[in-house]
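Step one of this worksheet: look at the structure below.
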Amino acid sequence: MTMPLEIITLPCLSDNYAFLIHNPASGETALVDAPEAGAIRAALAERGWGLDWILLTHHHWDHVDGAAKLQMEFGAKIIGAATDAHRLPELDLAVEDGSTFTLLGEEVQVMDVSGHTVGHIAFYLPGAEAVFTADSLMALGCGRLFEGTPQQMWASLSRLAVLPPQTMVYSGHEYTQTNGAFAVTVDPGNPALQARVSDIAQAREKGMPTVPSSLQLELDTNPFLRAGDSAVRANLGMQDAEESEVFAEIRKRKDNF
């Protein structure tokens, strides 16, 4: 029987998350996103781990700023999107939508999830039932559309939405409480959402992270995945609109919330 991967949610900067993935059998460790070197270095030292791989989801500084330092210090190899290579630290492995590779003994599937940025990718590990989505699908939210269109982001979220519902979603920021305050304005009659907002408040009072979350929980409560829901559409007065148009309206309202 193989030992399951250990995944650590690691707070960085003011509200970012990085993730350490460790194979206890081989002793290998990977990092998803590198907001800063110091917190990651300290977490590795605390556990007595090295660092073999750095996976980057997109080019924003608060996801890559520590990558080059950590690469130099640990000799880690960097994996990122080929289409984003000109905006990322030098890549040892350039991947694209549909690419697969083996990491820590597990298959990794690369998904293009453009919208927040163009060239944003997610890393899906089916064997570990985990997907690392950074600023595409987030806990009770999704990233702002800095480079992509609402249609692009809706297509990206729709691809993520059909992963197995037990998949754990590892997203890039602790925005969940604010996202919840907005979500109830769009989906006020959703009892699952109301329960989640209460759970989030309790977790944050204790200083606990709200990431990861299960995909099923996101499907039940995240308004950005619920553009096809009749109650959400009725609340927005958009019963006959295309789902991408409903999503665009929700994103616009969140931007102005």
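Lettering and numbering for the structure tokens are positional, with chains as A, B, ... in the shown order, residues counted from 1 in each chain, and ligands counted from 1 in the shown order.
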
| Spatial neighbours of stretch 200-213 of chain A, 9 Å, only C-alpha atoms, chain gap at least 5 places, as a list of chain:residue names | A:Thr9, A:Pro11, A:Tyr17, A:Met138, A:Ala139, A:Thr167, A:Met168, A:Val169, A:Tyr170, A:Ser171, A:Gly172, A:His173, A:Glu174, A:Tyr175, A:Thr176, A:Gln177, A:Gly180, A:Ala195, A:Glu218

| Contacts of A:Leu160 at 9 Å (only C-alpha atoms; same-chain gap of 4+ positions) as an MDAnalysis selection string | chainID A and resid 111 113 131 133 137 155:156 215

| message | Residues of stretch 37-188 of chain A classed as alpha helix (DSSP H) by DSSP on the backbone are to be reported as an NGL selection string. | response | :A and (37-47 or 61-64 or 67-74 or 150-161 or 176-186)

| message | Need the shell around A:Gly66: protein/DNA/RNA residues with any atom at most 10 Å away, counting only C-alpha atoms. Skip same-chain ones fewer than 2 positions apart. Format as a ChimeraX atom specification? | response | /A:33-41,61-64,68-71,89

For the residues selected in the previous step, produce a file with N, CA and C atoms as a JSON list (two decimals), in the first residue's frame.
```json
[["chain", "number", "residue", "atom", "x", "y", "z"],
["A", 33, "ASP", "N", 3.29, 27.39, -6.17],
["A", 33, "ASP", "CA", 3.41, 28.84, -6.06],
["A", 33, "ASP", "C", 4.38, 29.24, -4.95],
["A", 34, "ALA", "N", 5.02, 30.38, -5.15],
["A", 34, "ALA", "CA", 6.10, 30.82, -4.27],
["A", 34, "ALA", "C", 5.95, 32.31, -3.98],
["A", 35, "PRO", "N", 4.95, 32.69, -3.17],
["A", 35, "PRO", "CA", 4.73, 34.11, -2.90],
["A", 35, "PRO", "C", 5.92, 34.80, -2.25],
["A", 36, "GLU", "N", 6.65, 34.08, -1.39],
["A", 36, "GLU", "CA", 7.83, 34.63, -0.73],
["A", 36, "GLU", "C", 8.72, 33.46, -0.33],
["A", 37, "ALA", "N", 10.01, 33.72, -0.24],
["A", 37, "ALA", "CA", 10.95, 32.64, 0.09],
["A", 37, "ALA", "C", 10.98, 32.33, 1.58],
["A", 38, "GLY", "N", 10.90, 33.36, 2.43],
["A", 38, "GLY", "CA", 11.15, 33.18, 3.85],
["A", 38, "GLY", "C", 10.22, 32.20, 4.53],
["A", 39, "ALA", "N", 8.92, 32.39, 4.36],
["A", 39, "ALA", "CA", 7.94, 31.52, 5.03],
["A", 39, "ALA", "C", 8.05, 30.09, 4.53],
["A", 40, "ILE", "N", 8.34, 29.94, 3.25],
["A", 40, "ILE", "CA", 8.46, 28.59, 2.67],
["A", 40, "ILE", "C", 9.73, 27.92, 3.17],
["A", 41, "ARG", "N", 10.83, 28.66, 3.19],
["A", 41, "ARG", "CA", 12.09, 28.13, 3.70],
["A", 41, "ARG", "C", 11.94, 27.67, 5.16],
["A", 61, "TRP", "N", 3.26, 38.58, -9.25],
["A", 61, "TRP", "CA", 4.42, 38.59, -8.35],
["A", 61, "TRP", "C", 4.13, 37.85, -7.05],
["A", 62, "ASP", "N", 2.87, 37.93, -6.57],
["A", 62, "ASP", "CA", 2.55, 37.31, -5.28],
["A", 62, "ASP", "C", 2.37, 35.80, -5.38],
["A", 63, "HIS", "N", 2.70, 35.24, -6.55],
["A", 63, "HIS", "CA", 2.73, 33.78, -6.72],
["A", 63, "HIS", "C", 4.10, 33.28, -7.17],
["A", 64, "VAL", "N", 4.99, 34.19, -7.56],
["A", 64, "VAL", "CA", 6.29, 33.76, -8.10],
["A", 64, "VAL", "C", 7.49, 34.41, -7.42],
["A", 68, "ALA", "N", 12.76, 32.06, -7.67],
["A", 68, "ALA", "CA", 14.17, 32.05, -8.08],
["A", 68, "ALA", "C", 15.09, 31.82, -6.88],
["A", 69, "LYS", "N", 14.79, 32.44, -5.74],
["A", 69, "LYS", "CA", 15.61, 32.26, -4.54],
["A", 69, "LYS", "C", 15.56, 30.82, -4.07],
["A", 70, "LEU", "N", 14.37, 30.26, -4.04],
["A", 70, "LEU", "CA", 14.22, 28.87, -3.58],
["A", 70, "LEU", "C", 14.88, 27.90, -4.55],
["A", 71, "GLN", "N", 14.79, 28.21, -5.83],
["A", 71, "GLN", "CA", 15.45, 27.35, -6.83],
["A", 71, "GLN", "C", 16.96, 27.33, -6.60],
["A", 89, "PRO", "N", 9.81, 33.02, -13.97],
["A", 89, "PRO", "CA", 11.21, 32.63, -13.84],
["A", 89, "PRO", "C", 11.54, 31.53, -14.85]]
```

| field | Residue contacts of A:Ala94 (7 Å, only C-alpha atoms) excluding same-chain residues fewer than 3 positions away, as a ChimeraX atom specification | value | /A:79-82,91

Keeping only N, CA and C atoms, write those residues as a compact mmCIF listing (two decimals), in the first residue's frame.
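Everything below was put into again_9.txt:
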```txt
# COMPACT_ATOMS: atom_id res chain seq x y z
N ILE A 79 8.35 24.40 -12.88
CA ILE A 79 7.37 24.00 -13.89
C ILE A 79 6.34 25.11 -14.04
N GLY A 80 6.04 25.50 -15.28
CA GLY A 80 5.03 26.52 -15.52
C GLY A 80 4.53 26.45 -16.95
N ALA A 81 3.63 27.36 -17.27
CA ALA A 81 2.98 27.35 -18.58
C ALA A 81 3.91 27.86 -19.67
N ALA A 82 3.97 27.11 -20.77
CA ALA A 82 4.78 27.53 -21.91
C ALA A 82 4.33 28.89 -22.44
N LEU A 91 11.98 28.39 -16.81
CA LEU A 91 11.32 27.11 -16.58
C LEU A 91 12.24 25.94 -16.94
```

| task | Excluding A:Leu103 and any residue of its chain fewer than 5 positions from it, enumerate the residues within 10 Å of it, using only C-alpha atoms, and give them as a list in words. | result |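 So, after excluding close chain neighbours, the residues are Ile21, Asn23, Glu28, Thr29, Ala30, Asp52, Trp53, Val108 and Leu125 of chain A.
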
Could those residues be written to a file, using C-alpha atoms, as a PDB file, in the first residue's frame?
```pdb
ATOM      1  CA  ILE A  21       3.260  18.501  -1.353  1.00  0.00           C
ATOM      2  CA  ASN A  23       5.840  12.144  -0.559  1.00  0.00           C
ATOM      3  CA  GLU A  28      10.545  14.340  -2.224  1.00  0.00           C
ATOM      4  CA  THR A  29       8.735  17.658  -1.865  1.00  0.00           C
ATOM      5  CA  ALA A  30       7.072  20.004  -4.334  1.00  0.00           C
ATOM      6  CA  ASP A  52      12.603  19.280  -5.534  1.00  0.00           C
ATOM      7  CA  TRP A  53       9.947  21.003  -7.649  1.00  0.00           C
ATOM      8  CA  VAL A 108      -0.422  15.599 -12.744  1.00  0.00           C
ATOM      9  CA  LEU A 125      -3.686  15.334  -9.242  1.00  0.00           C
TER      10      LEU A 125
END
```

Within 7 Å of stretch 225-245 of chain A: each stretch 94-173 of chain A residue with its shortest pair, only C-alpha atoms, as a Markdown table:
```
| residue | atom | partner | partner_atom | distance |
| --- | --- | --- | --- | --- |
| A:Pro150 | CA | A:Ser244 | CA | 6.7 |
| A:Gln151 | CA | A:Ser244 | CA | 5.7 |
| A:Trp154 | CA | A:Ser244 | CA | 5.9 |
| A:Leu157 | CA | A:Leu225 | CA | 6.8 |
```

Those same residues, written as a short mmCIF file (atom, residue, chain, number, x, y, z; two decimals), in the first residue's frame with N, CA, C and O atoms?
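File result_32.cif, as written:
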```cif
data_model
loop_
_atom_site.label_atom_id
_atom_site.label_comp_id
_atom_site.auth_asym_id
_atom_site.auth_seq_id
_atom_site.Cartn_x
_atom_site.Cartn_y
_atom_site.Cartn_z
N PRO A 150 -14.97 37.47 -19.43
CA PRO A 150 -15.91 36.64 -18.67
C PRO A 150 -16.16 35.29 -19.34
O PRO A 150 -16.29 34.27 -18.64
N GLN A 151 -16.21 35.27 -20.65
CA GLN A 151 -16.44 34.00 -21.36
C GLN A 151 -15.28 33.02 -21.11
O GLN A 151 -15.51 31.82 -20.91
N TRP A 154 -15.58 31.80 -17.43
CA TRP A 154 -16.69 30.87 -17.27
C TRP A 154 -16.34 29.51 -17.86
O TRP A 154 -16.64 28.47 -17.27
N LEU A 157 -13.95 27.85 -15.36
CA LEU A 157 -14.65 27.36 -14.17
C LEU A 157 -15.52 26.15 -14.51
O LEU A 157 -15.63 25.22 -13.70
#
```

Spatial neighbours of A:Lys252, max dist 12 Å, only C-alpha atoms, sep filter under 6 positions, as a JSON list (two decimals) with N, CA, C and O atoms, in the first residue's frame:
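For reference, part17.json as written:
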```
[["chain", "number", "residue", "atom", "x", "y", "z"],
["A", 142, "CYS", "N", -13.86, 33.65, -7.33],
["A", 142, "CYS", "CA", -12.94, 33.44, -8.44],
["A", 142, "CYS", "C", -12.12, 34.72, -8.58],
["A", 142, "CYS", "O", -12.48, 35.76, -8.02],
["A", 143, "GLY", "N", -11.03, 34.64, -9.28],
["A", 143, "GLY", "CA", -10.15, 35.79, -9.41],
["A", 143, "GLY", "C", -10.74, 36.88, -10.29],
["A", 143, "GLY", "O", -11.58, 36.63, -11.17],
["A", 144, "ARG", "N", -10.31, 38.10, -10.05],
["A", 144, "ARG", "CA", -10.69, 39.21, -10.92],
["A", 144, "ARG", "C", -10.17, 38.96, -12.34],
["A", 144, "ARG", "O", -9.15, 38.31, -12.53],
["A", 145, "LEU", "N", -10.87, 39.52, -13.29],
["A", 145, "LEU", "CA", -10.51, 39.31, -14.70],
["A", 145, "LEU", "C", -9.54, 40.41, -15.14],
["A", 145, "LEU", "O", -9.93, 41.36, -15.81],
["A", 149, "THR", "N", -11.45, 37.37, -20.45],
["A", 149, "THR", "CA", -12.84, 37.80, -20.60],
["A", 149, "THR", "C", -13.74, 36.98, -19.69],
["A", 149, "THR", "O", -13.36, 35.89, -19.25],
["A", 150, "PRO", "N", -14.97, 37.47, -19.43],
["A", 150, "PRO", "CA", -15.91, 36.64, -18.67],
["A", 150, "PRO", "C", -16.16, 35.29, -19.34],
["A", 150, "PRO", "O", -16.29, 34.27, -18.64],
["A", 182, "PHE", "N", -20.28, 38.63, 0.06],
["A", 182, "PHE", "CA", -20.85, 38.95, -1.25],
["A", 182, "PHE", "C", -21.80, 37.86, -1.71],
["A", 182, "PHE", "O", -22.89, 38.15, -2.25],
["A", 186, "VAL", "N", -26.10, 37.45, -3.71],
["A", 186, "VAL", "CA", -26.46, 36.87, -5.00],
["A", 186, "VAL", "C", -27.36, 35.64, -4.83],
["A", 186, "VAL", "O", -28.23, 35.37, -5.66],
["A", 224, "PHE", "N", -20.07, 31.88, -8.28],
["A", 224, "PHE", "CA", -19.40, 31.91, -9.58],
["A", 224, "PHE", "C", -19.48, 30.58, -10.32],
["A", 224, "PHE", "O", -19.20, 30.51, -11.51],
["A", 245, "GLU", "N", -23.27, 35.05, -19.45],
["A", 245, "GLU", "CA", -23.74, 36.41, -19.17],
["A", 245, "GLU", "C", -24.10, 36.56, -17.69],
["A", 245, "GLU", "O", -23.83, 37.61, -17.09],
["A", 246, "VAL", "N", -24.69, 35.52, -17.12],
["A", 246, "VAL", "CA", -25.01, 35.54, -15.68],
["A", 246, "VAL", "C", -23.70, 35.61, -14.89],
["A", 246, "VAL", "O", -23.57, 36.40, -13.95]]
```

| said: What's the separation between atom CA of A:Gln194 and atom CA of A:Ser214, in Å to one decimal place? | reply: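 Distance between the two atoms: 16.5 Å.
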
| task | Looking only at strand (DSSP E) from DSSP on the backbone, list the matching residues of stretch 8-130 of chain A as a ChimeraX atom specification. | result | /A:8-12,16-22,29-32,53-55,77-81,93-95,100-103,106-112,121-125,130

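The shortest atom-to-atom distance to A:Ala183, with only C-alpha atoms taken into account, belongs to A:Asn222 out of A:Thr102, A:Thr83, A:Asn222, A:Ser14.
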
| request: Grab the atom CA of A:His58 to atom CA of A:Leu88 distance for me, in Å with one decimal place. | output: 7.7 Å

| query | What is the atom CA of A:Asp112-atom CA of A:Asn16 distance in Å, reported with one decimal? | reply |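 Computing the Euclidean distance for atom CA of A:Asp112 and atom CA of A:Asn16 yields 21.1 Å.
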